[in-house]
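J.: I am attaching a structure below and will ask some questions about it afterwards.
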Amino acid sequence: MKYLLYVIMGISFWACNAPSQNTALLQRQIDSLQAQLHKTYKPGLGEFMSGIQVHHNKLWFAGINRNWALADFEINEIKESLEDIKTYCADRPETKSIEMIGAPIQNVSTAIQQKDDAQFKNSFKILTATCNTCHQGTKHGFNVITIPATPPFSNQDFKAPVEK
Ligand code: HEC
């Protein structure tokens with residue numbers, strides 16, 4: 001009888017304890033996953049901006065060379081980086097100001113679709129001015145963006161290749 005009592009006590013102890021052991025195990029797994037997430041590399045706002053700077057420059061040379069396919073590619077790269085900023089830099093207060101660039105970007109896109117030189121140049125200037133408006137508004141006014149004078153790299157031809 002005493003033996004049976006021990007068995008019952010043992011089972012109930014196990015039954016009560018098992019779920020909490022599982023919870024503890026799950027918690028340890030969550031903690032370790034969280035620790036790994038903290039260690040994963042996440043580009044900062046400055047890195048996204050440096051990428052945007054290159055695409056902004058290439059966009060200009062693509063546009064003035066009427067390489068509309070490349071210009072379209074470059075403006076889309078900028079759009080992607082801006083989306084990434086919203087996703088990965090949501091904790092930066094400056095990210096709230098990112099929406100101001102939406103309309104100027106769209107106007108450049110329209111000029112590219114319409115293959116309109118004058119509209120391209122004009123909308124690119126407004127885009128560039130908006131980069132600076134945001135820099136000024138986010139205490140980064142010392143980062144002055146200009147219409148590029150030279151392409152960023154010597155190993156890329158901005159003229160559209162002749163269709164074969
Ligand atoms: C949200 C408003 C905002 C907009 C719009 C914006 N920027 Fe920035 N930019 C910033 C902030 C904030 C920084 C500083 C980032 C940091 O802390 O490293 C920055 C930094 C930069 C830098 C310096 C990067 C470095 O590390 O050297 C460049 C270049 C740059 N931006 C280019 C541009 C260009 C080109 C555009 C327009 C196509 C643009 N930015 C639009 C807010 C903005």
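Please note that chains go A, B, ... in the order of the structure tokens, that every chain numbers its residues from 1, and that ligands are numbered from 1 in the order shown.
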Per DSSP on the backbone, filter chain A down to the residues in helix (DSSP H, G or I) and report them as a PyMOL selection string.

T.: chain A and resi 2-39+45-64+68-88+93-113+117-137

J.: Residues within 6 Å of ligand 1, counting only C-alpha atoms and all ligand atoms: report them as an NGL selection string.

T.: :A and (45-47 or 49-50 or 52-53 or 56 or 94-95 or 97-98 or 101 or 128 or 131 or 134-135 or 138 or 140 or 143 or 145)

J.: May I ask for the distance between CA of Asn67 in chain A and CA of Gly51 in chain A, given in Å to one decimal place?

T.: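 Calculated distance between CA of Asn67 in chain A and CA of Gly51 in chain A is 20.4 Å.
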
J.: If we count only C-alpha atoms and set the cut-off at 10 Å, which residues sit around Phe120 in chain A, ignoring sequence neighbours fewer than 4 positions away in its own chain? Please answer as a compact mmCIF listing (two decimals) with all heavy atoms, in the first residue's frame.

T.:
```
# COMPACT_ATOMS: atom_id res chain seq x y z
N TRP A 60 21.68 59.93 -62.26
CA TRP A 60 21.89 61.15 -63.03
C TRP A 60 22.54 60.85 -64.37
O TRP A 60 22.08 61.28 -65.43
CB TRP A 60 22.73 62.15 -62.21
CG TRP A 60 23.09 63.39 -62.95
CD1 TRP A 60 24.34 63.74 -63.41
CD2 TRP A 60 22.21 64.45 -63.35
NE1 TRP A 60 24.30 64.95 -64.05
CE2 TRP A 60 23.00 65.41 -64.03
CE3 TRP A 60 20.85 64.69 -63.20
CZ2 TRP A 60 22.47 66.59 -64.57
CZ3 TRP A 60 20.31 65.87 -63.74
CH2 TRP A 60 21.11 66.79 -64.41
N GLY A 63 20.27 59.00 -66.72
CA GLY A 63 19.22 59.88 -67.26
C GLY A 63 19.74 60.82 -68.34
O GLY A 63 19.14 60.92 -69.42
N ILE A 64 20.88 61.49 -68.05
CA ILE A 64 21.36 62.46 -69.04
C ILE A 64 21.91 61.76 -70.29
O ILE A 64 22.03 62.37 -71.34
CB ILE A 64 22.38 63.48 -68.46
CG1 ILE A 64 23.63 62.79 -67.94
CG2 ILE A 64 21.73 64.36 -67.39
CD1 ILE A 64 24.77 63.76 -67.62
N ARG A 66 20.23 59.29 -71.54
CA ARG A 66 18.98 58.71 -72.05
C ARG A 66 19.01 57.18 -72.01
O ARG A 66 18.41 56.52 -72.85
CB ARG A 66 18.67 59.22 -73.47
CG ARG A 66 18.77 60.74 -73.59
CD ARG A 66 18.06 61.27 -74.83
NE ARG A 66 16.63 61.47 -74.56
CZ ARG A 66 15.66 60.86 -75.19
NH1 ARG A 66 15.91 59.99 -76.14
NH2 ARG A 66 14.40 61.10 -74.88
N ALA A 71 18.32 54.03 -65.84
CA ALA A 71 17.74 55.04 -64.93
C ALA A 71 16.60 54.42 -64.12
O ALA A 71 16.51 54.63 -62.90
CB ALA A 71 17.24 56.24 -65.74
N ASN A 107 8.10 61.42 -59.10
CA ASN A 107 8.20 62.32 -60.26
C ASN A 107 9.38 61.95 -61.16
O ASN A 107 9.27 62.04 -62.39
CB ASN A 107 8.33 63.78 -59.79
CG ASN A 107 7.02 64.27 -59.19
OD1 ASN A 107 5.95 63.71 -59.46
ND2 ASN A 107 7.10 65.30 -58.35
N VAL A 108 10.48 61.52 -60.56
CA VAL A 108 11.62 61.08 -61.36
C VAL A 108 11.21 59.82 -62.14
O VAL A 108 11.48 59.70 -63.34
CB VAL A 108 12.87 60.81 -60.49
CG1 VAL A 108 14.01 60.25 -61.33
CG2 VAL A 108 13.34 62.07 -59.78
N SER A 109 10.53 58.91 -61.46
CA SER A 109 10.05 57.67 -62.10
C SER A 109 9.19 57.98 -63.31
O SER A 109 9.35 57.37 -64.37
CB SER A 109 9.22 56.85 -61.11
OG SER A 109 10.03 55.91 -60.47
N THR A 110 8.28 58.94 -63.16
CA THR A 110 7.38 59.30 -64.25
C THR A 110 8.17 59.86 -65.43
O THR A 110 7.93 59.48 -66.59
CB THR A 110 6.34 60.35 -63.76
OG1 THR A 110 5.72 59.83 -62.59
CG2 THR A 110 5.29 60.64 -64.80
N ALA A 111 9.16 60.73 -65.13
CA ALA A 111 9.98 61.30 -66.21
C ALA A 111 10.71 60.19 -66.97
O ALA A 111 10.83 60.24 -68.20
CB ALA A 111 10.99 62.29 -65.61
N ILE A 112 11.18 59.19 -66.22
CA ILE A 112 11.90 58.06 -66.85
C ILE A 112 10.93 57.28 -67.75
O ILE A 112 11.25 56.96 -68.89
CB ILE A 112 12.53 57.14 -65.77
CG1 ILE A 112 13.64 57.89 -65.03
CG2 ILE A 112 13.06 55.85 -66.39
CD1 ILE A 112 14.15 57.20 -63.77
N GLN A 113 9.72 57.00 -67.22
CA GLN A 113 8.73 56.25 -68.02
C GLN A 113 8.41 57.01 -69.30
O GLN A 113 8.23 56.42 -70.36
CB GLN A 113 7.43 56.04 -67.23
CG GLN A 113 7.56 55.20 -65.95
CD GLN A 113 8.30 53.90 -66.15
OE1 GLN A 113 8.11 53.22 -67.15
NE2 GLN A 113 9.18 53.55 -65.21
N GLN A 114 8.33 58.35 -69.18
CA GLN A 114 7.96 59.17 -70.34
C GLN A 114 9.18 59.54 -71.21
O GLN A 114 9.02 60.25 -72.20
CB GLN A 114 7.22 60.41 -69.87
CG GLN A 114 5.89 60.06 -69.22
CD GLN A 114 5.17 61.26 -68.62
OE1 GLN A 114 5.74 62.35 -68.50
NE2 GLN A 114 3.92 61.05 -68.21
N LYS A 115 10.36 59.10 -70.80
CA LYS A 115 11.62 59.39 -71.51
C LYS A 115 11.72 60.89 -71.82
O LYS A 115 12.04 61.30 -72.94
CB LYS A 115 11.71 58.55 -72.80
CG LYS A 115 11.58 57.06 -72.51
CD LYS A 115 11.76 56.22 -73.74
CE LYS A 115 11.69 54.75 -73.32
NZ LYS A 115 11.79 53.81 -74.38
N ASP A 116 11.45 61.68 -70.79
CA ASP A 116 11.38 63.14 -70.94
C ASP A 116 12.63 63.77 -70.30
O ASP A 116 12.72 63.85 -69.07
CB ASP A 116 10.08 63.62 -70.25
CG ASP A 116 9.83 65.09 -70.42
OD1 ASP A 116 10.82 65.86 -70.55
OD2 ASP A 116 8.65 65.50 -70.40
N PHE A 124 14.99 65.52 -60.98
CA PHE A 124 16.20 65.07 -60.27
C PHE A 124 16.70 66.18 -59.34
O PHE A 124 17.15 65.91 -58.22
CB PHE A 124 17.29 64.68 -61.27
CG PHE A 124 18.50 64.05 -60.63
CD1 PHE A 124 18.58 62.67 -60.47
CD2 PHE A 124 19.54 64.84 -60.13
CE1 PHE A 124 19.69 62.09 -59.85
CE2 PHE A 124 20.65 64.26 -59.52
CZ PHE A 124 20.72 62.89 -59.37
N LYS A 125 16.60 67.42 -59.82
CA LYS A 125 17.03 68.56 -58.98
C LYS A 125 16.14 68.66 -57.74
O LYS A 125 16.64 68.90 -56.63
CB LYS A 125 16.98 69.87 -59.78
CG LYS A 125 18.18 69.99 -60.70
CD LYS A 125 18.11 71.21 -61.61
CE LYS A 125 19.15 71.07 -62.71
NZ LYS A 125 18.83 71.86 -63.89
N ILE A 126 14.84 68.47 -57.93
CA ILE A 126 13.92 68.55 -56.78
C ILE A 126 14.20 67.39 -55.81
O ILE A 126 14.23 67.57 -54.59
CB ILE A 126 12.45 68.55 -57.26
CG1 ILE A 126 12.18 69.84 -58.06
CG2 ILE A 126 11.48 68.43 -56.08
CD1 ILE A 126 10.87 69.86 -58.81
```

J.: How many Å lie between CA of Ile75 in chain A and CA of Val54 in chain A, rounded to one decimal?

T.: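 Computing it gives 11.1 Å between the two atoms.
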
J.: When you draw a straight line from CA of Phe61 in chain A to CA of Val144 in chain A, how long is it in Å?

T.: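 Separation of CA of Phe61 in chain A and CA of Val144 in chain A: 19.0 Å.
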
J.: I want to know what sits within 7 Å of range 149-151 of chain A, based on only C-alpha atoms, with residues of the same chain fewer than 2 positions away left out; could you give that as an MDAnalysis selection string?

T.: chainID A and resid 57:58 61 147 153

J.: With N, CA, C and O atoms kept, could you save the residues just selected as an mmCIF file, in the first residue's frame?

T.:
```
data_model
loop_
_atom_site.group_PDB
_atom_site.id
_atom_site.type_symbol
_atom_site.label_atom_id
_atom_site.label_comp_id
_atom_site.auth_asym_id
_atom_site.auth_seq_id
_atom_site.Cartn_x
_atom_site.Cartn_y
_atom_site.Cartn_z
ATOM 1 N N ASN A 57 23.839 59.104 -57.835
ATOM 2 C CA ASN A 57 24.828 59.539 -58.813
ATOM 3 C C ASN A 57 24.633 58.810 -60.157
ATOM 4 O O ASN A 57 24.534 59.438 -61.211
ATOM 5 N N LYS A 58 24.524 57.498 -60.093
ATOM 6 C CA LYS A 58 24.366 56.714 -61.330
ATOM 7 C C LYS A 58 23.072 57.078 -62.049
ATOM 8 O O LYS A 58 23.031 57.098 -63.283
ATOM 9 N N PHE A 61 23.636 60.077 -64.338
ATOM 10 C CA PHE A 61 24.355 59.799 -65.589
ATOM 11 C C PHE A 61 23.558 58.889 -66.514
ATOM 12 O O PHE A 61 23.653 59.021 -67.733
ATOM 13 N N ILE A 147 24.129 67.886 -57.482
ATOM 14 C CA ILE A 147 24.009 67.216 -58.780
ATOM 15 C C ILE A 147 25.421 66.700 -59.105
ATOM 16 O O ILE A 147 26.379 67.471 -59.063
ATOM 17 N N PHE A 153 32.171 55.683 -60.756
ATOM 18 C CA PHE A 153 33.176 54.666 -61.102
ATOM 19 C C PHE A 153 33.605 54.835 -62.554
ATOM 20 O O PHE A 153 32.834 55.297 -63.393
#
```
